[in-house]
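Everything below concerns the one structure shown next.
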Amino acid sequence: MPSRSDEQLVCEFQRGEEEAFSVFVRRHEDRLYRLAVMWLWDGSLASDVLQEVWVRTYTGVHRFRFGAQPSTWIARICRNVCHEQNRRTQRSAAMVSHLDGAEKGVDMEISRPFDELHDAVRSLPQRQREVVVLRIFEELSVADTAAVMGCRAGTVKASLSKGLANLRSKLENRAWIDDLKI
């Protein structure tokens, strides 16, 4: 049986087929977790926030009218919940400095450039950081990034250009920077 599209899964769930929602969650949970970690800078908090994202998705899916792609819609829900969490706990000024690369089983030689890149991305202004995460790390299109962020495509392009220029400036003396496509 061919894989069902997100649109098919949402339609099936809207008709009362609970299993379709489970398939939808499994399909998107890893990507949403990565987004939540990038917005919150805290893996355990990201797991907690994802529970709220799925509750909102579950309760709101019956009102979903396909004005956007389902994947874009849930990414926007994730962004909103993460921003609410950041405001609630006033984390935006005191973000965790970096993820523990050893905890993820990453070799220290690989971990150091990752930590440097992570810190550089974290230091970008919020809009630039979000655009870089969505466009570069999550590989969303300009249109999908604009939909997630609730802005125009031109804003995404300008923020991406500024964000990448800032990253290049922050990381210009790193030997591994040329390996990145930024």
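Following the order of the structure tokens, first chain is A, next is B, and so on, with residues numbered from 1 inside each chain and ligands from 1 in the order they appear.
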
Item to complete: Within 12 Å of Val37 (chain A), counting only C-alpha atoms, which residues show up once you throw out same-chain ones fewer than 3 positions away? Write them as a list in words, please.
Response: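 So, after excluding close chain neighbours, the residues are Asp30, Arg31, Leu32, Tyr33, Arg34, Leu40, Trp41, Asp42, Gly43, Ser44, Leu45, Ala46, Ser47, Asp48, Val49, Leu50, Cys78, Arg79, Cys82, His83, Asn86, Met95, Val96, His98, Leu99, His118, Arg122, Glu130 and Val133 of chain A.
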
I need the chosen residues saved as a JSON list (two decimals), in the first residue's frame, with N, CA, C and O atoms.
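out-v1.json, written as the output of this step:
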```
[["chain", "number", "residue", "atom", "x", "y", "z"],
["A", 30, "ASP", "N", 9.95, 13.61, 14.86],
["A", 30, "ASP", "CA", 11.40, 13.89, 14.90],
["A", 30, "ASP", "C", 11.71, 15.31, 14.42],
["A", 30, "ASP", "O", 12.50, 16.02, 15.02],
["A", 31, "ARG", "N", 11.08, 15.71, 13.32],
["A", 31, "ARG", "CA", 11.32, 17.05, 12.78],
["A", 31, "ARG", "C", 10.85, 18.12, 13.76],
["A", 31, "ARG", "O", 11.55, 19.09, 14.00],
["A", 32, "LEU", "N", 9.68, 17.92, 14.35],
["A", 32, "LEU", "CA", 9.18, 18.91, 15.31],
["A", 32, "LEU", "C", 10.05, 18.95, 16.57],
["A", 32, "LEU", "O", 10.26, 20.02, 17.14],
["A", 33, "TYR", "N", 10.57, 17.81, 16.97],
["A", 33, "TYR", "CA", 11.47, 17.79, 18.12],
["A", 33, "TYR", "C", 12.72, 18.63, 17.82],
["A", 33, "TYR", "O", 13.16, 19.43, 18.64],
["A", 34, "ARG", "N", 13.30, 18.44, 16.63],
["A", 34, "ARG", "CA", 14.49, 19.22, 16.25],
["A", 34, "ARG", "C", 14.17, 20.71, 16.24],
["A", 34, "ARG", "O", 14.97, 21.53, 16.72],
["A", 40, "LEU", "N", 14.06, 26.27, 21.70],
["A", 40, "LEU", "CA", 14.11, 26.30, 23.17],
["A", 40, "LEU", "C", 15.52, 26.10, 23.71],
["A", 40, "LEU", "O", 15.79, 26.45, 24.86],
["A", 41, "TRP", "N", 16.39, 25.46, 22.95],
["A", 41, "TRP", "CA", 17.75, 25.13, 23.35],
["A", 41, "TRP", "C", 17.78, 24.23, 24.58],
["A", 41, "TRP", "O", 18.64, 24.34, 25.43],
["A", 42, "ASP", "N", 16.80, 23.35, 24.67],
["A", 42, "ASP", "CA", 16.70, 22.45, 25.82],
["A", 42, "ASP", "C", 15.93, 21.20, 25.38],
["A", 42, "ASP", "O", 14.72, 21.27, 25.12],
["A", 43, "GLY", "N", 16.63, 20.07, 25.29],
["A", 43, "GLY", "CA", 16.02, 18.84, 24.80],
["A", 43, "GLY", "C", 14.88, 18.32, 25.65],
["A", 43, "GLY", "O", 13.86, 17.88, 25.14],
["A", 44, "SER", "N", 15.03, 18.36, 26.97],
["A", 44, "SER", "CA", 13.96, 17.83, 27.82],
["A", 44, "SER", "C", 12.74, 18.75, 27.79],
["A", 44, "SER", "O", 11.60, 18.27, 27.77],
["A", 45, "LEU", "N", 12.95, 20.04, 27.74],
["A", 45, "LEU", "CA", 11.84, 20.98, 27.63],
["A", 45, "LEU", "C", 11.15, 20.82, 26.28],
["A", 45, "LEU", "O", 9.92, 20.91, 26.18],
["A", 46, "ALA", "N", 11.93, 20.56, 25.25],
["A", 46, "ALA", "CA", 11.36, 20.35, 23.91],
["A", 46, "ALA", "C", 10.40, 19.15, 23.91],
["A", 46, "ALA", "O", 9.34, 19.20, 23.30],
["A", 47, "SER", "N", 10.76, 18.09, 24.61],
["A", 47, "SER", "CA", 9.88, 16.92, 24.70],
["A", 47, "SER", "C", 8.56, 17.29, 25.38],
["A", 47, "SER", "O", 7.49, 16.87, 24.93],
["A", 48, "ASP", "N", 8.64, 18.07, 26.44],
["A", 48, "ASP", "CA", 7.42, 18.50, 27.13],
["A", 48, "ASP", "C", 6.56, 19.38, 26.23],
["A", 48, "ASP", "O", 5.34, 19.24, 26.18],
["A", 49, "VAL", "N", 7.19, 20.31, 25.53],
["A", 49, "VAL", "CA", 6.47, 21.22, 24.66],
["A", 49, "VAL", "C", 5.78, 20.45, 23.53],
["A", 49, "VAL", "O", 4.66, 20.78, 23.13],
["A", 50, "LEU", "N", 6.43, 19.41, 23.04],
["A", 50, "LEU", "CA", 5.83, 18.63, 21.96],
["A", 50, "LEU", "C", 4.51, 18.00, 22.38],
["A", 50, "LEU", "O", 3.60, 17.84, 21.56],
["A", 78, "CYS", "N", 4.08, 24.45, 16.60],
["A", 78, "CYS", "CA", 5.29, 24.20, 17.39],
["A", 78, "CYS", "C", 6.00, 25.51, 17.69],
["A", 78, "CYS", "O", 6.40, 25.77, 18.83],
["A", 79, "ARG", "N", 6.16, 26.35, 16.69],
["A", 79, "ARG", "CA", 6.81, 27.65, 16.89],
["A", 79, "ARG", "C", 6.06, 28.47, 17.93],
["A", 79, "ARG", "O", 6.66, 29.05, 18.83],
["A", 82, "CYS", "N", 6.52, 27.04, 21.44],
["A", 82, "CYS", "CA", 7.89, 27.31, 21.92],
["A", 82, "CYS", "C", 8.04, 28.77, 22.33],
["A", 82, "CYS", "O", 8.65, 29.06, 23.37],
["A", 83, "HIS", "N", 7.50, 29.67, 21.54],
["A", 83, "HIS", "CA", 7.58, 31.09, 21.91],
["A", 83, "HIS", "C", 6.82, 31.37, 23.20],
["A", 83, "HIS", "O", 7.28, 32.14, 24.04],
["A", 86, "ASN", "N", 9.03, 30.15, 25.96],
["A", 86, "ASN", "CA", 10.14, 31.08, 26.19],
["A", 86, "ASN", "C", 9.69, 32.33, 26.93],
["A", 86, "ASN", "O", 10.38, 32.81, 27.83],
["A", 95, "MET", "N", 19.42, 31.41, 27.47],
["A", 95, "MET", "CA", 19.33, 30.10, 26.84],
["A", 95, "MET", "C", 20.48, 29.20, 27.26],
["A", 95, "MET", "O", 21.57, 29.68, 27.59],
["A", 96, "VAL", "N", 20.25, 27.93, 27.22],
["A", 96, "VAL", "CA", 21.29, 26.96, 27.52],
["A", 96, "VAL", "C", 22.41, 27.11, 26.50],
["A", 96, "VAL", "O", 22.15, 27.27, 25.32],
["A", 98, "HIS", "N", 24.77, 25.20, 25.15],
["A", 98, "HIS", "CA", 24.90, 24.25, 24.05],
["A", 98, "HIS", "C", 24.38, 22.89, 24.46],
["A", 98, "HIS", "O", 24.27, 22.58, 25.64],
["A", 99, "LEU", "N", 24.05, 22.10, 23.43],
["A", 99, "LEU", "CA", 23.65, 20.72, 23.70],
["A", 99, "LEU", "C", 24.89, 19.90, 24.00],
["A", 99, "LEU", "O", 25.98, 20.18, 23.51],
["A", 118, "HIS", "N", 26.42, 25.84, 16.54],
["A", 118, "HIS", "CA", 25.24, 25.96, 17.41],
["A", 118, "HIS", "C", 25.25, 27.29, 18.15],
["A", 118, "HIS", "O", 24.25, 28.02, 18.18],
["A", 122, "ARG", "N", 22.72, 30.39, 17.67],
["A", 122, "ARG", "CA", 22.01, 30.83, 18.86],
["A", 122, "ARG", "C", 22.18, 32.34, 19.08],
["A", 122, "ARG", "O", 21.28, 33.01, 19.59],
["A", 130, "GLU", "N", 15.50, 31.92, 13.37],
["A", 130, "GLU", "CA", 14.39, 31.07, 12.94],
["A", 130, "GLU", "C", 14.46, 30.75, 11.46],
["A", 130, "GLU", "O", 14.25, 29.61, 11.04],
["A", 133, "VAL", "N", 17.31, 28.26, 10.80],
["A", 133, "VAL", "CA", 16.93, 26.92, 11.25],
["A", 133, "VAL", "C", 15.95, 26.28, 10.25],
["A", 133, "VAL", "O", 16.13, 25.14, 9.83]]
```

Worksheet item: Excluding same-chain residues fewer than 6 positions from Val131 (chain A), what lies within 7 Å of it counting only C-alpha atoms, as a ChimeraX atom specification?
Response: /A:145,156,159-160

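With only C-alpha atoms taken into account, the protein and nucleic acid residues at most 12 Å from Ser5 (chain A) (excluding it and anything under 3 positions from it in its own chain) are A:Pro2, A:Gln8, A:Leu9, A:Val10, A:Cys11, A:Glu12, A:Ala20, A:Val23, A:Phe24, A:Arg27, A:Gln69, A:Pro70, A:Ser71.
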
Worksheet item: Using only C-alpha atoms, which residues sit within 9 Å of Ala147 (chain A) once same-chain residues fewer than 4 positions away are excluded, as a ChimeraX atom specification?
Response: /A:68,72-73,76,142-143,151-153

Keeping only all heavy atoms, write those residues as a PDB file, in the first residue's frame.
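Generated file (out-v2.pdb):
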```pdb
ATOM      1  N   ALA A  68      -2.980  25.799   4.244  1.00  0.00           N
ATOM      2  CA  ALA A  68      -1.527  25.578   4.233  1.00  0.00           C
ATOM      3  C   ALA A  68      -1.311  24.066   4.207  1.00  0.00           C
ATOM      4  O   ALA A  68      -2.258  23.291   4.367  1.00  0.00           O
ATOM      5  CB  ALA A  68      -0.892  26.178   5.487  1.00  0.00           C
ATOM      6  N   THR A  72       3.355  22.368   7.464  1.00  0.00           N
ATOM      7  CA  THR A  72       3.608  23.773   7.768  1.00  0.00           C
ATOM      8  C   THR A  72       2.745  24.223   8.939  1.00  0.00           C
ATOM      9  O   THR A  72       3.203  24.951   9.823  1.00  0.00           O
ATOM     10  CB  THR A  72       3.315  24.637   6.525  1.00  0.00           C
ATOM     11  OG1 THR A  72       4.116  24.165   5.442  1.00  0.00           O
ATOM     12  CG2 THR A  72       3.626  26.097   6.773  1.00  0.00           C
ATOM     13  N   TRP A  73       1.503  23.778   8.950  1.00  0.00           N
ATOM     14  CA  TRP A  73       0.566  24.125  10.019  1.00  0.00           C
ATOM     15  C   TRP A  73       1.088  23.647  11.375  1.00  0.00           C
ATOM     16  O   TRP A  73       1.095  24.404  12.338  1.00  0.00           O
ATOM     17  CB  TRP A  73      -0.794  23.518   9.692  1.00  0.00           C
ATOM     18  CG  TRP A  73      -1.854  23.706  10.720  1.00  0.00           C
ATOM     19  CD1 TRP A  73      -2.391  24.883  11.162  1.00  0.00           C
ATOM     20  CD2 TRP A  73      -2.516  22.662  11.443  1.00  0.00           C
ATOM     21  NE1 TRP A  73      -3.362  24.637  12.108  1.00  0.00           N
ATOM     22  CE2 TRP A  73      -3.455  23.285  12.297  1.00  0.00           C
ATOM     23  CE3 TRP A  73      -2.406  21.278  11.435  1.00  0.00           C
ATOM     24  CZ2 TRP A  73      -4.274  22.549  13.146  1.00  0.00           C
ATOM     25  CZ3 TRP A  73      -3.237  20.554  12.267  1.00  0.00           C
ATOM     26  CH2 TRP A  73      -4.154  21.190  13.123  1.00  0.00           C
ATOM     27  N   ARG A  76       4.079  25.600  12.546  1.00  0.00           N
ATOM     28  CA  ARG A  76       3.662  26.908  13.102  1.00  0.00           C
ATOM     29  C   ARG A  76       3.134  26.733  14.532  1.00  0.00           C
ATOM     30  O   ARG A  76       3.415  27.549  15.409  1.00  0.00           O
ATOM     31  CB  ARG A  76       2.590  27.526  12.214  1.00  0.00           C
ATOM     32  CG  ARG A  76       2.051  28.801  12.778  1.00  0.00           C
ATOM     33  CD  ARG A  76       2.222  29.906  11.852  1.00  0.00           C
ATOM     34  NE  ARG A  76       1.792  31.130  12.497  1.00  0.00           N
ATOM     35  CZ  ARG A  76       1.893  32.267  11.942  1.00  0.00           C
ATOM     36  NH1 ARG A  76       2.425  32.344  10.743  1.00  0.00           N
ATOM     37  NH2 ARG A  76       1.481  33.342  12.538  1.00  0.00           N
ATOM     38  N   VAL A 142      11.114  28.601   0.841  1.00  0.00           N
ATOM     39  CA  VAL A 142      10.885  29.983   1.264  1.00  0.00           C
ATOM     40  C   VAL A 142       9.412  30.164   1.618  1.00  0.00           C
ATOM     41  O   VAL A 142       9.071  30.762   2.643  1.00  0.00           O
ATOM     42  CB  VAL A 142      11.324  30.982   0.166  1.00  0.00           C
ATOM     43  CG1 VAL A 142      10.855  32.392   0.482  1.00  0.00           C
ATOM     44  CG2 VAL A 142      12.840  30.949  -0.021  1.00  0.00           C
ATOM     45  N   ALA A 143       8.520  29.633   0.774  1.00  0.00           N
ATOM     46  CA  ALA A 143       7.076  29.773   1.014  1.00  0.00           C
ATOM     47  C   ALA A 143       6.662  29.093   2.321  1.00  0.00           C
ATOM     48  O   ALA A 143       5.887  29.658   3.103  1.00  0.00           O
ATOM     49  CB  ALA A 143       6.292  29.203  -0.158  1.00  0.00           C
ATOM     50  N   CYS A 151       5.024  35.483   7.931  1.00  0.00           N
ATOM     51  CA  CYS A 151       5.559  36.688   7.303  1.00  0.00           C
ATOM     52  C   CYS A 151       5.590  36.474   5.789  1.00  0.00           C
ATOM     53  O   CYS A 151       5.195  35.428   5.295  1.00  0.00           O
ATOM     54  CB  CYS A 151       6.949  37.014   7.848  1.00  0.00           C
ATOM     55  SG  CYS A 151       8.216  35.779   7.498  1.00  0.00           S
ATOM     56  N   ARG A 152       6.074  37.443   5.067  1.00  0.00           N
ATOM     57  CA  ARG A 152       6.169  37.361   3.603  1.00  0.00           C
ATOM     58  C   ARG A 152       7.463  36.657   3.167  1.00  0.00           C
ATOM     59  O   ARG A 152       8.447  36.637   3.903  1.00  0.00           O
ATOM     60  CB  ARG A 152       6.132  38.750   3.000  1.00  0.00           C
ATOM     61  CG  ARG A 152       4.831  39.471   3.270  1.00  0.00           C
ATOM     62  CD  ARG A 152       4.910  40.883   2.712  1.00  0.00           C
ATOM     63  NE  ARG A 152       3.724  41.613   3.039  1.00  0.00           N
ATOM     64  CZ  ARG A 152       2.708  41.793   2.197  1.00  0.00           C
ATOM     65  NH1 ARG A 152       2.770  41.293   0.988  1.00  0.00           N
ATOM     66  NH2 ARG A 152       1.648  42.475   2.573  1.00  0.00           N
ATOM     67  N   ALA A 153       7.427  36.136   1.949  1.00  0.00           N
ATOM     68  CA  ALA A 153       8.596  35.456   1.397  1.00  0.00           C
ATOM     69  C   ALA A 153       9.792  36.397   1.323  1.00  0.00           C
ATOM     70  O   ALA A 153      10.932  35.994   1.578  1.00  0.00           O
ATOM     71  CB  ALA A 153       8.285  34.886   0.015  1.00  0.00           C
TER      72      ALA A 153
END
```

Discussion item. To one decimal place in Å, what is the distance between CA of Phe13 (chain A) and CA of Leu35 (chain A)?
Written reply: 24.3 Å
